[in-house]
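So this one's final-v3.cif, mmCIF, N, CA and C atoms:
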```cif
data_data
loop_
_atom_site.group_PDB
_atom_site.id
_atom_site.type_symbol
_atom_site.label_atom_id
_atom_site.label_comp_id
_atom_site.auth_asym_id
_atom_site.auth_seq_id
_atom_site.Cartn_x
_atom_site.Cartn_y
_atom_site.Cartn_z
ATOM 1 N N MET A 731 9.629 -22.547 -39.803
ATOM 2 C CA MET A 731 11.031 -22.455 -39.470
ATOM 3 C C MET A 731 11.263 -23.227 -38.172
ATOM 4 N N ILE A 732 12.284 -24.079 -38.174
ATOM 5 C CA ILE A 732 12.627 -24.876 -36.999
ATOM 6 C C ILE A 732 13.777 -24.194 -36.268
ATOM 7 N N VAL A 733 13.550 -23.908 -34.977
ATOM 8 C CA VAL A 733 14.543 -23.223 -34.146
ATOM 9 C C VAL A 733 14.893 -24.109 -32.959
ATOM 10 N N ASP A 734 16.181 -24.332 -32.751
ATOM 11 C CA ASP A 734 16.683 -25.036 -31.574
ATOM 12 C C ASP A 734 17.593 -24.096 -30.802
ATOM 13 N N VAL A 735 17.638 -24.301 -29.484
ATOM 14 C CA VAL A 735 18.477 -23.482 -28.608
ATOM 15 C C VAL A 735 19.568 -24.359 -28.018
ATOM 16 N N VAL A 736 20.788 -23.829 -27.997
ATOM 17 C CA VAL A 736 21.929 -24.504 -27.379
ATOM 18 C C VAL A 736 22.399 -23.660 -26.202
ATOM 19 N N ILE A 737 22.557 -24.322 -25.063
ATOM 20 C CA ILE A 737 23.074 -23.655 -23.872
ATOM 21 C C ILE A 737 24.299 -24.426 -23.387
ATOM 22 N N PRO A 738 25.510 -23.916 -23.639
ATOM 23 C CA PRO A 738 26.692 -24.524 -23.053
ATOM 24 C C PRO A 738 26.679 -24.182 -21.559
ATOM 25 N N ALA A 739 26.903 -25.166 -20.701
ATOM 26 C CA ALA A 739 26.748 -24.911 -19.274
ATOM 27 C C ALA A 739 27.826 -25.606 -18.452
ATOM 28 N N LEU A 740 28.315 -24.893 -17.458
ATOM 29 C CA LEU A 740 29.256 -25.435 -16.491
ATOM 30 C C LEU A 740 28.829 -24.927 -15.121
ATOM 31 N N ASP A 741 28.321 -25.825 -14.297
ATOM 32 C CA ASP A 741 27.873 -25.490 -12.948
ATOM 33 C C ASP A 741 26.841 -24.356 -12.954
ATOM 34 N N GLU A 742 25.779 -24.546 -13.704
ATOM 35 C CA GLU A 742 24.717 -23.544 -13.849
ATOM 36 C C GLU A 742 23.392 -24.000 -13.218
ATOM 37 N N GLU A 743 23.467 -24.882 -12.244
ATOM 38 C CA GLU A 743 22.272 -25.430 -11.597
ATOM 39 C C GLU A 743 21.315 -24.331 -11.118
ATOM 40 N N ASP A 744 21.833 -23.266 -10.547
ATOM 41 C CA ASP A 744 20.979 -22.212 -10.001
ATOM 42 C C ASP A 744 20.371 -21.324 -11.083
ATOM 43 N N ALA A 745 21.108 -21.058 -12.143
ATOM 44 C CA ALA A 745 20.640 -20.137 -13.183
ATOM 45 C C ALA A 745 19.725 -20.792 -14.212
ATOM 46 N N LEU A 746 19.919 -22.073 -14.465
ATOM 47 C CA LEU A 746 19.191 -22.745 -15.555
ATOM 48 C C LEU A 746 17.665 -22.707 -15.444
ATOM 49 N N PRO A 747 17.074 -22.942 -14.285
ATOM 50 C CA PRO A 747 15.609 -22.977 -14.250
ATOM 51 C C PRO A 747 14.955 -21.704 -14.801
ATOM 52 N N GLU A 748 15.459 -20.557 -14.406
ATOM 53 C CA GLU A 748 14.866 -19.303 -14.886
ATOM 54 C C GLU A 748 15.110 -19.107 -16.382
ATOM 55 N N VAL A 749 16.312 -19.414 -16.834
ATOM 56 C CA VAL A 749 16.633 -19.273 -18.261
ATOM 57 C C VAL A 749 15.732 -20.186 -19.092
ATOM 58 N N LEU A 750 15.599 -21.425 -18.674
ATOM 59 C CA LEU A 750 14.786 -22.386 -19.430
ATOM 60 C C LEU A 750 13.306 -21.996 -19.437
ATOM 61 N N ARG A 751 12.823 -21.437 -18.337
ATOM 62 C CA ARG A 751 11.415 -20.985 -18.281
ATOM 63 C C ARG A 751 11.125 -19.872 -19.282
ATOM 64 N N GLU A 752 12.113 -19.059 -19.567
ATOM 65 C CA GLU A 752 11.918 -17.899 -20.447
ATOM 66 C C GLU A 752 11.992 -18.232 -21.931
ATOM 67 N N ILE A 753 12.379 -19.435 -22.273
ATOM 68 C CA ILE A 753 12.481 -19.815 -23.689
ATOM 69 C C ILE A 753 11.085 -20.159 -24.200
ATOM 70 N N PRO A 754 10.613 -19.474 -25.230
ATOM 71 C CA PRO A 754 9.241 -19.681 -25.709
ATOM 72 C C PRO A 754 9.053 -21.025 -26.426
ATOM 73 N N ALA A 755 8.315 -21.903 -25.785
ATOM 74 C CA ALA A 755 8.077 -23.242 -26.345
ATOM 75 C C ALA A 755 7.319 -23.181 -27.663
ATOM 76 N N SER A 756 6.579 -22.122 -27.891
ATOM 77 C CA SER A 756 5.821 -21.998 -29.142
ATOM 78 C C SER A 756 6.724 -21.698 -30.334
ATOM 79 N N VAL A 757 7.952 -21.292 -30.070
ATOM 80 C CA VAL A 757 8.887 -20.924 -31.131
ATOM 81 C C VAL A 757 10.038 -21.920 -31.251
ATOM 82 N N VAL A 758 10.434 -22.511 -30.131
ATOM 83 C CA VAL A 758 11.627 -23.360 -30.071
ATOM 84 C C VAL A 758 11.235 -24.828 -30.050
ATOM 85 N N ARG A 759 11.836 -25.605 -30.956
ATOM 86 C CA ARG A 759 11.564 -27.039 -31.022
ATOM 87 C C ARG A 759 12.174 -27.766 -29.827
ATOM 88 N N GLN A 760 13.441 -27.483 -29.550
ATOM 89 C CA GLN A 760 14.106 -28.155 -28.442
ATOM 90 C C GLN A 760 15.244 -27.301 -27.912
ATOM 91 N N VAL A 761 15.586 -27.565 -26.662
ATOM 92 C CA VAL A 761 16.730 -26.929 -26.019
ATOM 93 C C VAL A 761 17.741 -28.026 -25.728
ATOM 94 N N VAL A 762 18.984 -27.783 -26.125
ATOM 95 C CA VAL A 762 20.068 -28.721 -25.857
ATOM 96 C C VAL A 762 21.043 -28.039 -24.907
ATOM 97 N N VAL A 763 21.194 -28.622 -23.729
ATOM 98 C CA VAL A 763 22.167 -28.127 -22.760
ATOM 99 C C VAL A 763 23.415 -28.990 -22.897
ATOM 100 N N ALA A 764 24.522 -28.353 -23.214
ATOM 101 C CA ALA A 764 25.804 -29.051 -23.339
ATOM 102 C C ALA A 764 26.533 -28.914 -22.013
ATOM 103 N N ASP A 765 26.422 -29.948 -21.182
ATOM 104 C CA ASP A 765 27.052 -29.942 -19.866
ATOM 105 C C ASP A 765 28.548 -30.133 -20.034
ATOM 106 N N ASN A 766 29.292 -29.143 -19.602
ATOM 107 C CA ASN A 766 30.732 -29.104 -19.842
ATOM 108 C C ASN A 766 31.540 -29.567 -18.626
ATOM 109 N N GLY A 767 31.045 -30.624 -17.962
ATOM 110 C CA GLY A 767 31.762 -31.187 -16.820
ATOM 111 C C GLY A 767 31.327 -30.613 -15.492
ATOM 112 N N SER A 768 30.063 -30.262 -15.379
ATOM 113 C CA SER A 768 29.554 -29.663 -14.141
ATOM 114 C C SER A 768 29.711 -30.599 -12.954
ATOM 115 N N SER A 769 29.956 -30.000 -11.785
ATOM 116 C CA SER A 769 30.051 -30.780 -10.553
ATOM 117 C C SER A 769 28.801 -30.604 -9.691
ATOM 118 N N ASP A 770 27.842 -29.843 -10.173
ATOM 119 C CA ASP A 770 26.587 -29.659 -9.455
ATOM 120 C C ASP A 770 25.470 -30.398 -10.196
ATOM 121 N N GLY A 771 24.249 -30.012 -9.996
ATOM 122 C CA GLY A 771 23.108 -30.690 -10.606
ATOM 123 C C GLY A 771 22.651 -30.099 -11.919
ATOM 124 N N THR A 772 23.541 -29.482 -12.657
ATOM 125 C CA THR A 772 23.175 -28.837 -13.929
ATOM 126 C C THR A 772 22.410 -29.783 -14.853
ATOM 127 N N ALA A 773 22.922 -30.962 -15.085
ATOM 128 C CA ALA A 773 22.283 -31.897 -16.022
ATOM 129 C C ALA A 773 20.898 -32.306 -15.535
ATOM 130 N N ALA A 774 20.757 -32.599 -14.266
ATOM 131 C CA ALA A 774 19.461 -33.020 -13.718
ATOM 132 C C ALA A 774 18.435 -31.906 -13.809
ATOM 133 N N VAL A 775 18.846 -30.685 -13.509
ATOM 134 C CA VAL A 775 17.942 -29.535 -13.597
ATOM 135 C C VAL A 775 17.492 -29.329 -15.039
ATOM 136 N N ALA A 776 18.417 -29.435 -15.975
ATOM 137 C CA ALA A 776 18.082 -29.250 -17.393
ATOM 138 C C ALA A 776 17.094 -30.319 -17.858
ATOM 139 N N ARG A 777 17.357 -31.572 -17.516
ATOM 140 C CA ARG A 777 16.442 -32.659 -17.908
ATOM 141 C C ARG A 777 15.058 -32.465 -17.299
ATOM 142 N N ALA A 778 15.020 -32.069 -16.033
ATOM 143 C CA ALA A 778 13.738 -31.869 -15.345
ATOM 144 C C ALA A 778 12.912 -30.780 -16.012
ATOM 145 N N ALA A 779 13.579 -29.838 -16.652
ATOM 146 C CA ALA A 779 12.882 -28.751 -17.352
ATOM 147 C C ALA A 779 12.557 -29.109 -18.795
ATOM 148 N N GLY A 780 12.904 -30.328 -19.216
ATOM 149 C CA GLY A 780 12.568 -30.772 -20.562
ATOM 150 C C GLY A 780 13.657 -30.605 -21.599
ATOM 151 N N ALA A 781 14.831 -30.168 -21.188
ATOM 152 C CA ALA A 781 15.932 -29.997 -22.138
ATOM 153 C C ALA A 781 16.616 -31.334 -22.401
ATOM 154 N N VAL A 782 17.215 -31.428 -23.578
ATOM 155 C CA VAL A 782 18.086 -32.548 -23.910
ATOM 156 C C VAL A 782 19.457 -32.192 -23.349
ATOM 157 N N VAL A 783 20.132 -33.149 -22.733
ATOM 158 C CA VAL A 783 21.464 -32.893 -22.183
ATOM 159 C C VAL A 783 22.483 -33.755 -22.920
ATOM 160 N N VAL A 784 23.528 -33.103 -23.412
ATOM 161 C CA VAL A 784 24.670 -33.813 -23.967
ATOM 162 C C VAL A 784 25.866 -33.476 -23.085
ATOM 163 N N SER A 785 26.750 -34.433 -22.922
ATOM 164 C CA SER A 785 27.897 -34.238 -22.049
ATOM 165 C C SER A 785 29.158 -34.027 -22.877
ATOM 166 N N GLU A 786 29.914 -32.997 -22.515
ATOM 167 C CA GLU A 786 31.206 -32.731 -23.152
ATOM 168 C C GLU A 786 32.247 -32.531 -22.059
ATOM 169 N N PRO A 787 33.022 -33.565 -21.765
ATOM 170 C CA PRO A 787 34.006 -33.452 -20.683
ATOM 171 C C PRO A 787 35.193 -32.539 -20.998
ATOM 172 N N GLU A 788 35.480 -32.318 -22.295
ATOM 173 C CA GLU A 788 36.574 -31.398 -22.635
ATOM 174 C C GLU A 788 36.120 -29.984 -22.328
ATOM 175 N N ARG A 789 36.824 -29.336 -21.428
ATOM 176 C CA ARG A 789 36.418 -28.003 -20.992
ATOM 177 C C ARG A 789 36.557 -26.985 -22.121
ATOM 178 N N GLY A 790 35.645 -26.028 -22.116
ATOM 179 C CA GLY A 790 35.691 -24.928 -23.060
ATOM 180 C C GLY A 790 34.362 -24.702 -23.738
ATOM 181 N N TYR A 791 34.033 -23.430 -23.910
ATOM 182 C CA TYR A 791 32.777 -23.026 -24.541
ATOM 183 C C TYR A 791 32.661 -23.623 -25.940
ATOM 184 N N GLY A 792 33.727 -23.556 -26.707
ATOM 185 C CA GLY A 792 33.707 -24.074 -28.075
ATOM 186 C C GLY A 792 33.462 -25.568 -28.128
ATOM 187 N N ALA A 793 34.114 -26.314 -27.236
ATOM 188 C CA ALA A 793 33.917 -27.761 -27.201
ATOM 189 C C ALA A 793 32.469 -28.105 -26.869
ATOM 190 N N ALA A 794 31.892 -27.392 -25.923
ATOM 191 C CA ALA A 794 30.497 -27.632 -25.549
ATOM 192 C C ALA A 794 29.559 -27.310 -26.708
ATOM 193 N N CYS A 795 29.793 -26.193 -27.377
ATOM 194 C CA CYS A 795 28.945 -25.813 -28.514
ATOM 195 C C CYS A 795 29.039 -26.841 -29.638
ATOM 196 N N LEU A 796 30.245 -27.287 -29.928
ATOM 197 C CA LEU A 796 30.421 -28.278 -30.995
ATOM 198 C C LEU A 796 29.737 -29.597 -30.666
ATOM 199 N N LYS A 797 29.751 -30.004 -29.398
ATOM 200 C CA LYS A 797 29.074 -31.242 -28.991
ATOM 201 C C LYS A 797 27.563 -31.114 -29.228
ATOM 202 N N ALA A 798 27.002 -29.974 -28.888
ATOM 203 C CA ALA A 798 25.570 -29.750 -29.112
ATOM 204 C C ALA A 798 25.252 -29.729 -30.603
ATOM 205 N N LEU A 799 26.084 -29.090 -31.390
ATOM 206 C CA LEU A 799 25.865 -29.060 -32.841
ATOM 207 C C LEU A 799 25.950 -30.460 -33.441
ATOM 208 N N ALA A 800 26.853 -31.282 -32.939
ATOM 209 C CA ALA A 800 26.951 -32.663 -33.420
ATOM 210 C C ALA A 800 25.660 -33.415 -33.116
ATOM 211 N N TYR A 801 25.080 -33.173 -31.955
ATOM 212 C CA TYR A 801 23.799 -33.793 -31.606
ATOM 213 C C TYR A 801 22.702 -33.326 -32.576
ATOM 214 N N LEU A 802 22.685 -32.047 -32.873
ATOM 215 C CA LEU A 802 21.651 -31.478 -33.753
ATOM 216 C C LEU A 802 21.803 -31.922 -35.202
ATOM 217 N N ALA A 803 22.972 -32.387 -35.588
ATOM 218 C CA ALA A 803 23.224 -32.776 -36.975
ATOM 219 C C ALA A 803 22.315 -33.915 -37.444
ATOM 220 N N ALA A 804 21.836 -34.739 -36.531
ATOM 221 C CA ALA A 804 20.959 -35.857 -36.904
ATOM 222 C C ALA A 804 19.618 -35.366 -37.449
ATOM 223 N N ASP A 805 19.164 -34.229 -36.975
ATOM 224 C CA ASP A 805 17.896 -33.638 -37.420
ATOM 225 C C ASP A 805 18.050 -32.119 -37.349
ATOM 226 N N PRO A 806 18.791 -31.539 -38.289
ATOM 227 C CA PRO A 806 19.186 -30.134 -38.174
ATOM 228 C C PRO A 806 18.015 -29.152 -38.223
ATOM 229 N N PRO A 807 18.097 -28.128 -37.395
ATOM 230 C CA PRO A 807 17.107 -27.056 -37.439
ATOM 231 C C PRO A 807 17.468 -26.058 -38.536
ATOM 232 N N ASP A 808 16.558 -25.135 -38.769
ATOM 233 C CA ASP A 808 16.858 -24.035 -39.694
ATOM 234 C C ASP A 808 17.726 -22.984 -39.014
ATOM 235 N N VAL A 809 17.513 -22.820 -37.694
ATOM 236 C CA VAL A 809 18.222 -21.802 -36.921
ATOM 237 C C VAL A 809 18.672 -22.419 -35.594
ATOM 238 N N VAL A 810 19.902 -22.094 -35.203
ATOM 239 C CA VAL A 810 20.406 -22.465 -33.878
ATOM 240 C C VAL A 810 20.663 -21.172 -33.108
ATOM 241 N N VAL A 811 20.086 -21.085 -31.925
ATOM 242 C CA VAL A 811 20.294 -19.925 -31.050
ATOM 243 C C VAL A 811 21.198 -20.380 -29.918
ATOM 244 N N PHE A 812 22.305 -19.670 -29.709
ATOM 245 C CA PHE A 812 23.213 -19.978 -28.614
ATOM 246 C C PHE A 812 22.960 -19.010 -27.478
ATOM 247 N N LEU A 813 22.768 -19.544 -26.289
ATOM 248 C CA LEU A 813 22.593 -18.689 -25.098
ATOM 249 C C LEU A 813 23.757 -18.892 -24.157
#
```

Write out the structure in this file as structure tokens.
Amino acid sequence: MIVDVVIPALDEEDALPEVLREIPASVVRQVVVADNGSSDGTAAVARAAGAVVVSEPERGYGAACLKALAYLAADPPDVVVFL
């Protein structure tokens, strides 16, 4: 079973490192952080932790989630976990 994680994020530079550390690499194929227009280092922190970052400038949780799902459509997982 292929599992991917989506994290919609807006200015989550401080919280992301701990969240990303807790995601079990043995179970999850990839983590996609949908940066929703952050003004801090959210994208850089996510990339440094090995996550894929997609940018969604249209504000809103739904817009960020849809951008991540569009990215995943190229190679869809069996399960998507939203955090």

Practice item. Could you give me, as a ChimeraX atom specification, the residues within 12 Å of Ala793 (chain A), counting only C-alpha atoms and dropping anything in the same chain fewer than 6 positions from it? Key: /A:738-740,764-767,784-787,799-800

Point to revise | Expected selection from the PyMOL selection byres ((chain A and resi 808) around 8), given as number ranges by chain | key: A: 731-734, 805-807, 809-811

Among chain A, which residues carry a DSSP assignment of strand (DSSP E), reported as a short mmCIF file (atom, residue, chain, number, x, y, z; two decimals) with N, CA and C atoms, in the coordinates of the input?
```
data_model
loop_
_atom_site.label_atom_id
_atom_site.label_comp_id
_atom_site.auth_asym_id
_atom_site.auth_seq_id
_atom_site.Cartn_x
_atom_site.Cartn_y
_atom_site.Cartn_z
N VAL A 733 13.55 -23.91 -34.98
CA VAL A 733 14.54 -23.22 -34.15
C VAL A 733 14.89 -24.11 -32.96
N ASP A 734 16.18 -24.33 -32.75
CA ASP A 734 16.68 -25.04 -31.57
C ASP A 734 17.59 -24.10 -30.80
N VAL A 735 17.64 -24.30 -29.48
CA VAL A 735 18.48 -23.48 -28.61
C VAL A 735 19.57 -24.36 -28.02
N VAL A 736 20.79 -23.83 -28.00
CA VAL A 736 21.93 -24.50 -27.38
C VAL A 736 22.40 -23.66 -26.20
N ILE A 737 22.56 -24.32 -25.06
CA ILE A 737 23.07 -23.66 -23.87
C ILE A 737 24.30 -24.43 -23.39
N PRO A 738 25.51 -23.92 -23.64
CA PRO A 738 26.69 -24.52 -23.05
C PRO A 738 26.68 -24.18 -21.56
N ALA A 739 26.90 -25.17 -20.70
CA ALA A 739 26.75 -24.91 -19.27
C ALA A 739 27.83 -25.61 -18.45
N GLN A 760 13.44 -27.48 -29.55
CA GLN A 760 14.11 -28.16 -28.44
C GLN A 760 15.24 -27.30 -27.91
N VAL A 761 15.59 -27.56 -26.66
CA VAL A 761 16.73 -26.93 -26.02
C VAL A 761 17.74 -28.03 -25.73
N VAL A 762 18.98 -27.78 -26.12
CA VAL A 762 20.07 -28.72 -25.86
C VAL A 762 21.04 -28.04 -24.91
N VAL A 763 21.19 -28.62 -23.73
CA VAL A 763 22.17 -28.13 -22.76
C VAL A 763 23.42 -28.99 -22.90
N ALA A 764 24.52 -28.35 -23.21
CA ALA A 764 25.80 -29.05 -23.34
C ALA A 764 26.53 -28.91 -22.01
N ASP A 765 26.42 -29.95 -21.18
CA ASP A 765 27.05 -29.94 -19.87
C ASP A 765 28.55 -30.13 -20.03
N VAL A 782 17.22 -31.43 -23.58
CA VAL A 782 18.09 -32.55 -23.91
C VAL A 782 19.46 -32.19 -23.35
N VAL A 783 20.13 -33.15 -22.73
CA VAL A 783 21.46 -32.89 -22.18
C VAL A 783 22.48 -33.76 -22.92
N VAL A 784 23.53 -33.10 -23.41
CA VAL A 784 24.67 -33.81 -23.97
C VAL A 784 25.87 -33.48 -23.08
N SER A 785 26.75 -34.43 -22.92
CA SER A 785 27.90 -34.24 -22.05
C SER A 785 29.16 -34.03 -22.88
N VAL A 809 17.51 -22.82 -37.69
CA VAL A 809 18.22 -21.80 -36.92
C VAL A 809 18.67 -22.42 -35.59
N VAL A 810 19.90 -22.09 -35.20
CA VAL A 810 20.41 -22.46 -33.88
C VAL A 810 20.66 -21.17 -33.11
N VAL A 811 20.09 -21.08 -31.92
CA VAL A 811 20.29 -19.92 -31.05
C VAL A 811 21.20 -20.38 -29.92
N PHE A 812 22.30 -19.67 -29.71
CA PHE A 812 23.21 -19.98 -28.61
C PHE A 812 22.96 -19.01 -27.48
#
```

Study note, to complete from the structure: atom C of Ala779 (chain A) to atom C of Val761 (chain A) measures 8.7 Å

Point to revise | Residue contacts of Ala776 (chain A) (8 Å, all atoms listed in the file) excluding same-chain residues fewer than 2 positions away, as a PyMOL selection string | key: chain A and resi 742-743+746-747+750+763+771-774+778-783

Using the selection just defined, write its residues with N, CA and C atoms as a PDB file, in the frame of the given file.
```pdb
ATOM      1  N   GLU A 742      25.779 -24.546 -13.704  1.00  0.00           N
ATOM      2  CA  GLU A 742      24.717 -23.544 -13.849  1.00  0.00           C
ATOM      3  C   GLU A 742      23.392 -24.000 -13.218  1.00  0.00           C
ATOM      4  N   GLU A 743      23.467 -24.882 -12.244  1.00  0.00           N
ATOM      5  CA  GLU A 743      22.272 -25.430 -11.597  1.00  0.00           C
ATOM      6  C   GLU A 743      21.315 -24.331 -11.118  1.00  0.00           C
ATOM      7  N   LEU A 746      19.919 -22.073 -14.465  1.00  0.00           N
ATOM      8  CA  LEU A 746      19.191 -22.745 -15.555  1.00  0.00           C
ATOM      9  C   LEU A 746      17.665 -22.707 -15.444  1.00  0.00           C
ATOM     10  N   PRO A 747      17.074 -22.942 -14.285  1.00  0.00           N
ATOM     11  CA  PRO A 747      15.609 -22.977 -14.250  1.00  0.00           C
ATOM     12  C   PRO A 747      14.955 -21.704 -14.801  1.00  0.00           C
ATOM     13  N   LEU A 750      15.599 -21.425 -18.674  1.00  0.00           N
ATOM     14  CA  LEU A 750      14.786 -22.386 -19.430  1.00  0.00           C
ATOM     15  C   LEU A 750      13.306 -21.996 -19.437  1.00  0.00           C
ATOM     16  N   VAL A 763      21.194 -28.622 -23.729  1.00  0.00           N
ATOM     17  CA  VAL A 763      22.167 -28.127 -22.760  1.00  0.00           C
ATOM     18  C   VAL A 763      23.415 -28.990 -22.897  1.00  0.00           C
ATOM     19  N   GLY A 771      24.249 -30.012  -9.996  1.00  0.00           N
ATOM     20  CA  GLY A 771      23.108 -30.690 -10.606  1.00  0.00           C
ATOM     21  C   GLY A 771      22.651 -30.099 -11.919  1.00  0.00           C
ATOM     22  N   THR A 772      23.541 -29.482 -12.657  1.00  0.00           N
ATOM     23  CA  THR A 772      23.175 -28.837 -13.929  1.00  0.00           C
ATOM     24  C   THR A 772      22.410 -29.783 -14.853  1.00  0.00           C
ATOM     25  N   ALA A 773      22.922 -30.962 -15.085  1.00  0.00           N
ATOM     26  CA  ALA A 773      22.283 -31.897 -16.022  1.00  0.00           C
ATOM     27  C   ALA A 773      20.898 -32.306 -15.535  1.00  0.00           C
ATOM     28  N   ALA A 774      20.757 -32.599 -14.266  1.00  0.00           N
ATOM     29  CA  ALA A 774      19.461 -33.020 -13.718  1.00  0.00           C
ATOM     30  C   ALA A 774      18.435 -31.906 -13.809  1.00  0.00           C
ATOM     31  N   ALA A 778      15.020 -32.069 -16.033  1.00  0.00           N
ATOM     32  CA  ALA A 778      13.738 -31.869 -15.345  1.00  0.00           C
ATOM     33  C   ALA A 778      12.912 -30.780 -16.012  1.00  0.00           C
ATOM     34  N   ALA A 779      13.579 -29.838 -16.652  1.00  0.00           N
ATOM     35  CA  ALA A 779      12.882 -28.751 -17.352  1.00  0.00           C
ATOM     36  C   ALA A 779      12.557 -29.109 -18.795  1.00  0.00           C
ATOM     37  N   GLY A 780      12.904 -30.328 -19.216  1.00  0.00           N
ATOM     38  CA  GLY A 780      12.568 -30.772 -20.562  1.00  0.00           C
ATOM     39  C   GLY A 780      13.657 -30.605 -21.599  1.00  0.00           C
ATOM     40  N   ALA A 781      14.831 -30.168 -21.188  1.00  0.00           N
ATOM     41  CA  ALA A 781      15.932 -29.997 -22.138  1.00  0.00           C
ATOM     42  C   ALA A 781      16.616 -31.334 -22.401  1.00  0.00           C
ATOM     43  N   VAL A 782      17.215 -31.428 -23.578  1.00  0.00           N
ATOM     44  CA  VAL A 782      18.086 -32.548 -23.910  1.00  0.00           C
ATOM     45  C   VAL A 782      19.457 -32.192 -23.349  1.00  0.00           C
ATOM     46  N   VAL A 783      20.132 -33.149 -22.733  1.00  0.00           N
ATOM     47  CA  VAL A 783      21.464 -32.893 -22.183  1.00  0.00           C
ATOM     48  C   VAL A 783      22.483 -33.755 -22.920  1.00  0.00           C
TER      49      VAL A 783
END
```

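Interatomic distance, CA of Asp741 (chain A) to CA of Ser768 (chain A): 4.7 Å.
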
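Atom pair atom C of Phe812 (chain A) / atom C of Ser769 (chain A): separated by 22.0 Å.
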
Could you give me the axis-aligned bounding box of region 737-743 of chain A, with 4 Å of padding per side, as centre plus edge lengths in Å to one decimal, as JSON?
```
{"center_x": 25.3, "center_y": -24.7, "center_z": -18.1, "size_x": 15.9, "size_y": 10.3, "size_z": 21.9}
```

Point to revise | Given only N, CA and C atoms as the counted atoms, nearest of A:Leu813, A:Val758, A:Val749, A:Ala804 to Val736 (chain A) | key: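 The closest residue to Val736 (chain A) is A:Leu813.
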
Review point. Can you list every residue in chain A that DSSP puts in alpha helix (DSSP H), as a PyMOL selection string?
Key: chain A and resi 746-751+772-778+791-802
